[in-house]
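> The structure under discussion is supplied below as structure tokens; questions concerning it will follow.
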Amino acid sequence: MRSFRRGEAARQDAPEHEMDPRAADEPPYRPTVIDNAVYQDGQRVDNPGSMADAFERLNKTPDSLAWIGLYRPKEWELVKLAEEFELHELALEDAIVGSQRPKADRYGDTLFVVLRAARYLDDVEEVAFGELHVFVGPNFVITVRHAEAPDLQGVRKRMESDPDLLRQGPQAVLYAILDAVVDGYAPVVAGLQKDLEEIEGQVFSGDPSVSRRVYELSGEVIEFQRATAPLVRMIDGFIAGAAKYGVNDELQSYLRDVADHAITVNERVAAFRQMLQDILVINSTLVTQAQNAEMAKMTESSIRQGEEVKKISAWAAILFAPTLVGTIYGMNFDVMPETHWVLGYPFAIVLMGVVCVTLYLVFKRRDWL
């Protein structure tokens, strides 16, 4: 067992952050501890009142297991914790900075795991993501939770009700946490499935707001896929190194079961992403068809209007001919030979008739009438 040290800074500051921002007048070290327990032979044997008591108990009983749960601790609290447990500075930096992708990094005999838990919020129909950091050492597990999910208190109760599993040590606790995170994906998958079905109905009903909803849901699905995709490779790595780190066959079977569930989730999420792409294509096609139908109606309307305009123009031209002749011979000029001609009136009438008939035949031949 490693020796635990209090008050020593066996580290270097990370390049992006000053790791210990405390001033001399700051309050004593009080981490945001949700639960602090020491287990021995699968049973809870101590509930240390402080972190110092937990460290002391671990030093006195090398075969015990400390499980410390933190919720949104301050930066200086993580720094102090890293000093006591000799956590690697890079892992500490990731825990402080946050916004990490799911991964598993090993630093000496300490494993650092980043998980992305998810919850489906029914009231707003959105997926909420939370980041969980897990430090797994030879005889300790430290969880740093930055969101409500997953319910680690439920995980602890489950493990305490199964001493045989808890007796297998930190690797068993890590398995239980992985199992809780993956099981928490099931309601999210169900919620996304419901959203997809509603979107399909909106698409085929011609709802104009569906495009925005598809876009927003696509972003959530992509983010969900980023949370779930690395898990299978991560768990496979745990199983591959099982013999080296003392993981027995039973625990390996449990890990394989979690991997199967993770594979199922990944397949569903990939299917959701493909369905959303198909929905976008279908919606685009339906919108184009609607636009084409509207354009066709507008074109038909324009054609009908054009036909009416042609008829009106044709009749206007026909009626214009007698009007023109009548206007000419209605002028009050003294010298106008036709007005003194005996056949002048019949000639004017015949001329207007001939012009009108000629125009009618021309327009009729060209389908204007």
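Note on naming: chains are A, B, ... as they come in the structure tokens, residues start from 1 per chain, ligands start from 1 in the order shown.
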Would you give me, as a ChimeraX atom specification, the residues in stretch 156-250 of chain A that DSSP reads as alpha helix (DSSP H)?
/A:156-160,163-166,170-183,185-205,210-240,249-250
> Give me, as a list in words, all polymer residues having an atom no more than 7 Å from A:Arg119, counting only C-alpha atoms and skipping those fewer than 2 positions away in the same chain.
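Contacts, in chain order: Leu121, Val127, Ala128, Phe129, Ala149, Gly184 and Val188 of chain A.
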> Suppose we keep N, CA and C atoms; can you now write the selection as a short mmCIF file (atom, residue, chain, number, x, y, z; two decimals), in the first residue's frame?

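File written: again30.cif
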```
data_model
loop_
_atom_site.label_atom_id
_atom_site.label_comp_id
_atom_site.auth_asym_id
_atom_site.auth_seq_id
_atom_site.Cartn_x
_atom_site.Cartn_y
_atom_site.Cartn_z
N LEU A 121 -34.95 15.12 -19.67
CA LEU A 121 -35.84 16.02 -18.95
C LEU A 121 -37.17 16.08 -19.70
N VAL A 127 -32.02 16.66 -23.30
CA VAL A 127 -31.08 15.76 -22.64
C VAL A 127 -30.08 16.60 -21.86
N ALA A 128 -29.97 16.33 -20.57
CA ALA A 128 -29.00 17.02 -19.71
C ALA A 128 -27.82 16.10 -19.47
N PHE A 129 -26.62 16.63 -19.67
CA PHE A 129 -25.41 15.84 -19.51
C PHE A 129 -24.66 16.28 -18.27
N ALA A 149 -26.79 13.58 -12.18
CA ALA A 149 -26.64 12.21 -12.66
C ALA A 149 -25.17 11.85 -12.73
N GLY A 184 -28.42 4.44 -16.93
CA GLY A 184 -29.06 5.75 -16.99
C GLY A 184 -29.30 6.24 -18.40
N VAL A 188 -32.98 7.97 -21.55
CA VAL A 188 -32.62 8.96 -22.57
C VAL A 188 -32.96 8.41 -23.96
#
```
> Using only C-alpha atoms, which residues sit within 10 Å of stretch 235-252 of chain A once same-chain residues fewer than 4 positions away are excluded, as a PyMOL selection string?
chain A and resi 104+109+138+165+168-172+175+178+230-231+256-260+262
> What's around A:Val38 at 6 Å? Count only C-alpha atoms, leave out sequence neighbours fewer than 2 positions away in its own chain, and write the answer as a list in words.
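So the residues in contact are Arg44, Val45, Asp46, Leu65 and Ala66 of chain A.
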> Just the residues within 9 Å of stretch 339-351 of chain A, please, counting only C-alpha atoms, with nothing from its chain fewer than 3 positions along; format it as a PDB file with C-alpha atoms, in the first residue's frame.

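Below is the file that was written, out38.pdb:
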```pdb
ATOM      1  CA  PRO A 322     -65.684  51.204 -85.367  1.00  0.00           C
ATOM      2  CA  VAL A 325     -64.028  55.276 -87.914  1.00  0.00           C
ATOM      3  CA  GLY A 326     -66.887  56.934 -86.090  1.00  0.00           C
ATOM      4  CA  TYR A 329     -66.222  61.045 -89.422  1.00  0.00           C
ATOM      5  CA  VAL A 335     -64.208  70.360 -96.069  1.00  0.00           C
ATOM      6  CA  MET A 336     -64.771  66.606 -95.661  1.00  0.00           C
ATOM      7  CA  VAL A 354     -65.290  44.586 -92.418  1.00  0.00           C
ATOM      8  CA  VAL A 355     -62.603  45.708 -90.002  1.00  0.00           C
ATOM      9  CA  CYS A 356     -64.373  44.101 -87.019  1.00  0.00           C
TER      10      CYS A 356
END
```
> Once DSSP has gone over the backbone, tell me which residues of stretch 32-254 of chain A are in strand (DSSP E), as a PyMOL selection string.
chain A and resi 33-40+43-46+65-71+103-107+110-121+126-136+140-145
> Go ahead and write the selection's residues with N, CA and C atoms as a compact mmCIF listing (two decimals), in the first residue's frame.

```txt
# COMPACT_ATOMS: atom_id res chain seq x y z
N VAL A 33 -18.21 16.78 0.74
CA VAL A 33 -18.29 15.32 0.83
C VAL A 33 -19.75 14.90 0.91
N ILE A 34 -20.18 14.05 -0.03
CA ILE A 34 -21.52 13.48 0.02
C ILE A 34 -21.53 12.26 0.91
N ASP A 35 -20.52 11.44 0.79
CA ASP A 35 -20.39 10.25 1.65
C ASP A 35 -18.93 9.90 1.76
N ASN A 36 -18.56 9.46 2.95
CA ASN A 36 -17.17 9.12 3.23
C ASN A 36 -17.19 7.86 4.07
N ALA A 37 -16.80 6.75 3.47
CA ALA A 37 -16.92 5.47 4.16
C ALA A 37 -15.67 4.63 3.95
N VAL A 38 -15.40 3.80 4.94
CA VAL A 38 -14.31 2.83 4.86
C VAL A 38 -14.92 1.44 4.97
N TYR A 39 -14.52 0.56 4.05
CA TYR A 39 -15.07 -0.79 3.98
C TYR A 39 -13.96 -1.80 4.22
N GLN A 40 -14.36 -2.89 4.84
CA GLN A 40 -13.42 -3.97 5.07
C GLN A 40 -14.18 -5.29 4.95
N GLN A 43 -17.86 -4.93 4.07
CA GLN A 43 -18.77 -4.29 5.02
C GLN A 43 -18.28 -2.90 5.37
N ARG A 44 -19.24 -2.00 5.58
CA ARG A 44 -18.88 -0.66 6.03
C ARG A 44 -18.48 -0.75 7.50
N VAL A 45 -17.26 -0.35 7.76
CA VAL A 45 -16.73 -0.46 9.13
C VAL A 45 -16.49 0.89 9.78
N ASP A 46 -16.55 1.95 8.99
CA ASP A 46 -16.28 3.26 9.58
C ASP A 46 -16.91 4.34 8.71
N LEU A 65 -10.91 -0.43 2.27
CA LEU A 65 -11.24 0.32 1.05
C LEU A 65 -11.94 1.61 1.44
N ALA A 66 -11.45 2.72 0.97
CA ALA A 66 -12.10 4.01 1.20
C ALA A 66 -12.85 4.41 -0.07
N TRP A 67 -14.10 4.79 0.14
CA TRP A 67 -14.93 5.25 -0.98
C TRP A 67 -15.42 6.64 -0.61
N ILE A 68 -14.90 7.64 -1.32
CA ILE A 68 -15.17 9.03 -1.00
C ILE A 68 -15.92 9.66 -2.17
N GLY A 69 -17.08 10.20 -1.88
CA GLY A 69 -17.89 10.83 -2.91
C GLY A 69 -17.94 12.34 -2.74
N LEU A 70 -17.54 13.07 -3.77
CA LEU A 70 -17.54 14.54 -3.74
C LEU A 70 -18.52 15.07 -4.77
N TYR A 71 -19.17 16.17 -4.42
CA TYR A 71 -20.12 16.81 -5.34
C TYR A 71 -19.73 18.26 -5.54
N LYS A 103 -13.06 8.91 -21.10
CA LYS A 103 -11.76 8.27 -21.32
C LYS A 103 -11.32 7.57 -20.05
N ALA A 104 -10.26 6.80 -20.18
CA ALA A 104 -9.64 6.12 -19.03
C ALA A 104 -8.14 6.24 -19.19
N ASP A 105 -7.49 6.89 -18.24
CA ASP A 105 -6.04 7.05 -18.25
C ASP A 105 -5.47 6.45 -16.98
N ARG A 106 -4.36 5.74 -17.12
CA ARG A 106 -3.72 5.14 -15.96
C ARG A 106 -2.42 5.88 -15.66
N TYR A 107 -2.29 6.30 -14.39
CA TYR A 107 -1.10 6.97 -13.91
C TYR A 107 -0.53 6.14 -12.76
N THR A 110 -2.87 4.21 -10.22
CA THR A 110 -4.15 4.91 -10.11
C THR A 110 -4.77 5.06 -11.49
N LEU A 111 -6.03 4.68 -11.58
CA LEU A 111 -6.79 4.79 -12.83
C LEU A 111 -7.70 6.01 -12.74
N PHE A 112 -7.67 6.84 -13.77
CA PHE A 112 -8.53 8.03 -13.82
C PHE A 112 -9.53 7.83 -14.95
N VAL A 113 -10.81 7.86 -14.61
CA VAL A 113 -11.88 7.60 -15.58
C VAL A 113 -12.80 8.81 -15.65
N VAL A 114 -13.11 9.23 -16.86
CA VAL A 114 -14.08 10.30 -17.10
C VAL A 114 -15.30 9.69 -17.77
N LEU A 115 -16.47 9.94 -17.20
CA LEU A 115 -17.72 9.44 -17.75
C LEU A 115 -18.68 10.60 -17.98
N ARG A 116 -19.54 10.45 -18.98
CA ARG A 116 -20.58 11.45 -19.25
C ARG A 116 -21.93 10.81 -18.99
N ALA A 117 -22.53 11.17 -17.88
CA ALA A 117 -23.88 10.68 -17.57
C ALA A 117 -24.90 11.55 -18.30
N ALA A 118 -26.11 11.02 -18.45
CA ALA A 118 -27.15 11.76 -19.16
C ALA A 118 -28.50 11.51 -18.51
N ARG A 119 -29.34 12.54 -18.56
CA ARG A 119 -30.72 12.44 -18.07
C ARG A 119 -31.64 13.05 -19.11
N TYR A 120 -32.82 12.45 -19.26
CA TYR A 120 -33.82 13.02 -20.16
C TYR A 120 -34.80 13.84 -19.34
N LEU A 121 -34.95 15.12 -19.67
CA LEU A 121 -35.84 16.02 -18.95
C LEU A 121 -37.17 16.08 -19.70
N GLU A 126 -35.50 17.68 -23.31
CA GLU A 126 -34.08 17.88 -23.61
C GLU A 126 -33.26 16.85 -22.84
N VAL A 127 -32.02 16.66 -23.30
CA VAL A 127 -31.08 15.76 -22.64
C VAL A 127 -30.08 16.60 -21.86
N ALA A 128 -29.97 16.33 -20.57
CA ALA A 128 -29.00 17.02 -19.71
C ALA A 128 -27.82 16.10 -19.47
N PHE A 129 -26.62 16.63 -19.67
CA PHE A 129 -25.41 15.84 -19.51
C PHE A 129 -24.66 16.28 -18.27
N GLY A 130 -24.03 15.32 -17.62
CA GLY A 130 -23.22 15.60 -16.45
C GLY A 130 -21.90 14.86 -16.52
N GLU A 131 -20.88 15.45 -15.96
CA GLU A 131 -19.55 14.87 -16.02
C GLU A 131 -19.19 14.24 -14.68
N LEU A 132 -18.61 13.06 -14.74
CA LEU A 132 -18.23 12.33 -13.55
C LEU A 132 -16.78 11.90 -13.68
N HIS A 133 -15.97 12.22 -12.68
CA HIS A 133 -14.57 11.81 -12.64
C HIS A 133 -14.39 10.78 -11.54
N VAL A 134 -13.69 9.70 -11.85
CA VAL A 134 -13.48 8.62 -10.90
C VAL A 134 -11.99 8.31 -10.81
N PHE A 135 -11.46 8.41 -9.60
CA PHE A 135 -10.07 8.01 -9.32
C PHE A 135 -10.11 6.65 -8.62
N VAL A 136 -9.49 5.66 -9.24
CA VAL A 136 -9.49 4.31 -8.70
C VAL A 136 -8.06 3.92 -8.36
N PHE A 140 -8.69 2.65 -2.75
CA PHE A 140 -9.59 3.79 -2.62
C PHE A 140 -10.30 4.06 -3.95
N VAL A 141 -11.47 4.65 -3.83
CA VAL A 141 -12.23 5.15 -4.98
C VAL A 141 -12.71 6.54 -4.61
N ILE A 142 -12.40 7.50 -5.48
CA ILE A 142 -12.83 8.89 -5.27
C ILE A 142 -13.68 9.28 -6.47
N THR A 143 -14.90 9.68 -6.21
CA THR A 143 -15.79 10.12 -7.28
C THR A 143 -16.01 11.63 -7.14
N VAL A 144 -15.84 12.32 -8.25
CA VAL A 144 -16.06 13.76 -8.30
C VAL A 144 -17.21 13.99 -9.27
N ARG A 145 -18.35 14.33 -8.71
CA ARG A 145 -19.56 14.48 -9.51
C ARG A 145 -19.84 15.96 -9.73
```
> Neighbouring residues of stretch 281-289 of chain A were defined as those with any atom within 10 Å, considering only C-alpha atoms; residues of the same chain fewer than 4 positions away were excluded. Please report them as an MDAnalysis selection string.
chainID A and resid 200 202:204 206:208 210:211 214 275:277 293:295
> Any chance you could export the current selection's all heavy atoms as a short mmCIF file (atom, residue, chain, number, x, y, z; two decimals), in the first residue's frame?

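The resulting file, selection-v5.cif, is reproduced below:
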```
data_model
loop_
_atom_site.label_atom_id
_atom_site.label_comp_id
_atom_site.auth_asym_id
_atom_site.auth_seq_id
_atom_site.Cartn_x
_atom_site.Cartn_y
_atom_site.Cartn_z
N GLU A 200 -41.60 12.81 -36.72
CA GLU A 200 -42.11 12.18 -37.95
C GLU A 200 -43.54 12.63 -38.24
O GLU A 200 -43.90 12.92 -39.38
CB GLU A 200 -42.05 10.65 -37.81
CG GLU A 200 -40.64 10.09 -37.89
CD GLU A 200 -40.62 8.59 -37.69
OE1 GLU A 200 -41.64 8.04 -37.21
OE2 GLU A 200 -39.60 7.95 -38.00
N GLN A 202 -44.90 15.44 -37.27
CA GLN A 202 -44.85 16.85 -37.68
C GLN A 202 -44.43 17.00 -39.14
O GLN A 202 -44.95 17.85 -39.86
CB GLN A 202 -43.88 17.63 -36.78
CG GLN A 202 -44.38 17.89 -35.38
CD GLN A 202 -43.38 18.70 -34.57
OE1 GLN A 202 -42.41 18.16 -34.04
NE2 GLN A 202 -43.61 19.99 -34.48
N VAL A 203 -43.46 16.17 -39.55
CA VAL A 203 -42.96 16.26 -40.92
C VAL A 203 -44.08 15.97 -41.91
O VAL A 203 -44.31 16.73 -42.87
CB VAL A 203 -41.78 15.28 -41.14
CG1 VAL A 203 -41.48 15.13 -42.62
CG2 VAL A 203 -40.54 15.78 -40.41
N PHE A 204 -44.81 14.88 -41.69
CA PHE A 204 -45.83 14.49 -42.66
C PHE A 204 -47.12 15.30 -42.53
O PHE A 204 -47.99 15.22 -43.41
CB PHE A 204 -46.13 13.00 -42.53
CG PHE A 204 -44.99 12.13 -42.99
CD1 PHE A 204 -44.18 11.47 -42.08
CD2 PHE A 204 -44.71 11.99 -44.33
CE1 PHE A 204 -43.12 10.68 -42.50
CE2 PHE A 204 -43.65 11.21 -44.77
CZ PHE A 204 -42.85 10.55 -43.84
N GLY A 206 -46.83 18.55 -42.28
CA GLY A 206 -46.46 19.82 -42.89
C GLY A 206 -46.23 20.93 -41.90
O GLY A 206 -46.36 22.12 -42.24
N ASP A 207 -45.86 20.59 -40.66
CA ASP A 207 -45.60 21.61 -39.64
C ASP A 207 -44.33 22.38 -40.02
O ASP A 207 -43.25 21.80 -40.12
CB ASP A 207 -45.41 20.94 -38.28
CG ASP A 207 -45.35 21.95 -37.14
OD1 ASP A 207 -45.10 23.14 -37.41
OD2 ASP A 207 -45.54 21.55 -35.97
N PRO A 208 -44.42 23.70 -40.21
CA PRO A 208 -43.23 24.46 -40.65
C PRO A 208 -42.16 24.58 -39.58
O PRO A 208 -41.01 24.90 -39.89
CB PRO A 208 -43.81 25.83 -41.01
CG PRO A 208 -45.07 25.94 -40.21
CD PRO A 208 -45.62 24.55 -40.12
N VAL A 210 -40.94 22.18 -37.78
CA VAL A 210 -40.27 20.91 -37.53
C VAL A 210 -38.77 20.99 -37.84
O VAL A 210 -37.97 20.29 -37.21
CB VAL A 210 -40.94 19.78 -38.34
CG1 VAL A 210 -40.66 19.95 -39.84
CG2 VAL A 210 -40.46 18.42 -37.88
N SER A 211 -38.38 21.81 -38.78
CA SER A 211 -36.96 21.88 -39.16
C SER A 211 -36.11 22.31 -37.98
O SER A 211 -35.02 21.76 -37.75
CB SER A 211 -36.77 22.84 -40.34
OG SER A 211 -37.43 22.38 -41.48
N VAL A 214 -35.83 19.41 -35.52
CA VAL A 214 -34.90 18.39 -36.03
C VAL A 214 -33.46 18.83 -35.80
O VAL A 214 -32.60 18.04 -35.38
CB VAL A 214 -35.16 18.11 -37.52
CG1 VAL A 214 -34.07 17.22 -38.10
CG2 VAL A 214 -36.51 17.45 -37.71
N MET A 275 -31.72 8.27 -38.71
CA MET A 275 -33.13 8.61 -38.91
C MET A 275 -33.32 10.12 -39.02
O MET A 275 -34.12 10.60 -39.83
CB MET A 275 -33.95 8.07 -37.74
CG MET A 275 -34.13 6.56 -37.75
SD MET A 275 -35.00 5.97 -36.28
CE MET A 275 -36.60 6.74 -36.51
N LEU A 276 -32.60 10.87 -38.22
CA LEU A 276 -32.71 12.33 -38.30
C LEU A 276 -32.22 12.85 -39.65
O LEU A 276 -32.82 13.78 -40.21
CB LEU A 276 -31.92 12.97 -37.16
CG LEU A 276 -32.58 12.90 -35.78
CD1 LEU A 276 -31.60 13.31 -34.69
CD2 LEU A 276 -33.81 13.79 -35.73
N GLN A 277 -31.14 12.25 -40.16
CA GLN A 277 -30.67 12.64 -41.48
C GLN A 277 -31.72 12.32 -42.54
O GLN A 277 -31.98 13.12 -43.45
CB GLN A 277 -29.36 11.93 -41.80
CG GLN A 277 -28.19 12.39 -40.93
CD GLN A 277 -26.91 11.61 -41.21
OE1 GLN A 277 -26.92 10.61 -41.94
NE2 GLN A 277 -25.82 12.04 -40.60
N ALA A 293 -45.74 22.65 -55.95
CA ALA A 293 -47.19 22.68 -56.12
C ALA A 293 -47.70 24.12 -56.08
O ALA A 293 -48.58 24.50 -56.86
CB ALA A 293 -47.86 21.85 -55.02
N GLU A 294 -47.13 24.91 -55.17
CA GLU A 294 -47.54 26.31 -55.08
C GLU A 294 -47.14 27.07 -56.35
O GLU A 294 -47.92 27.90 -56.86
CB GLU A 294 -46.88 26.95 -53.86
CG GLU A 294 -47.35 28.36 -53.56
CD GLU A 294 -48.81 28.41 -53.16
OE1 GLU A 294 -49.33 27.40 -52.67
OE2 GLU A 294 -49.43 29.47 -53.38
N MET A 295 -45.94 26.77 -56.85
CA MET A 295 -45.51 27.41 -58.09
C MET A 295 -46.40 26.99 -59.25
O MET A 295 -46.73 27.80 -60.13
CB MET A 295 -44.05 27.04 -58.39
CG MET A 295 -43.04 27.67 -57.44
SD MET A 295 -43.01 29.48 -57.59
CE MET A 295 -42.40 29.65 -59.27
#
```
> List as number ranges by chain the protein and nucleic acid residues near A:Leu196, meaning an atom at most 12 Å away when only C-alpha atoms are counted, but skip any in the same chain fewer than 4 places from it.
A: 125, 189-192, 200-203, 210, 213-218, 221, 269, 271-280
> Between atom CA of A:Asn47 and atom CA of A:Ile177, what is the distance in Å, rounded to a tenth?
20.6 Å
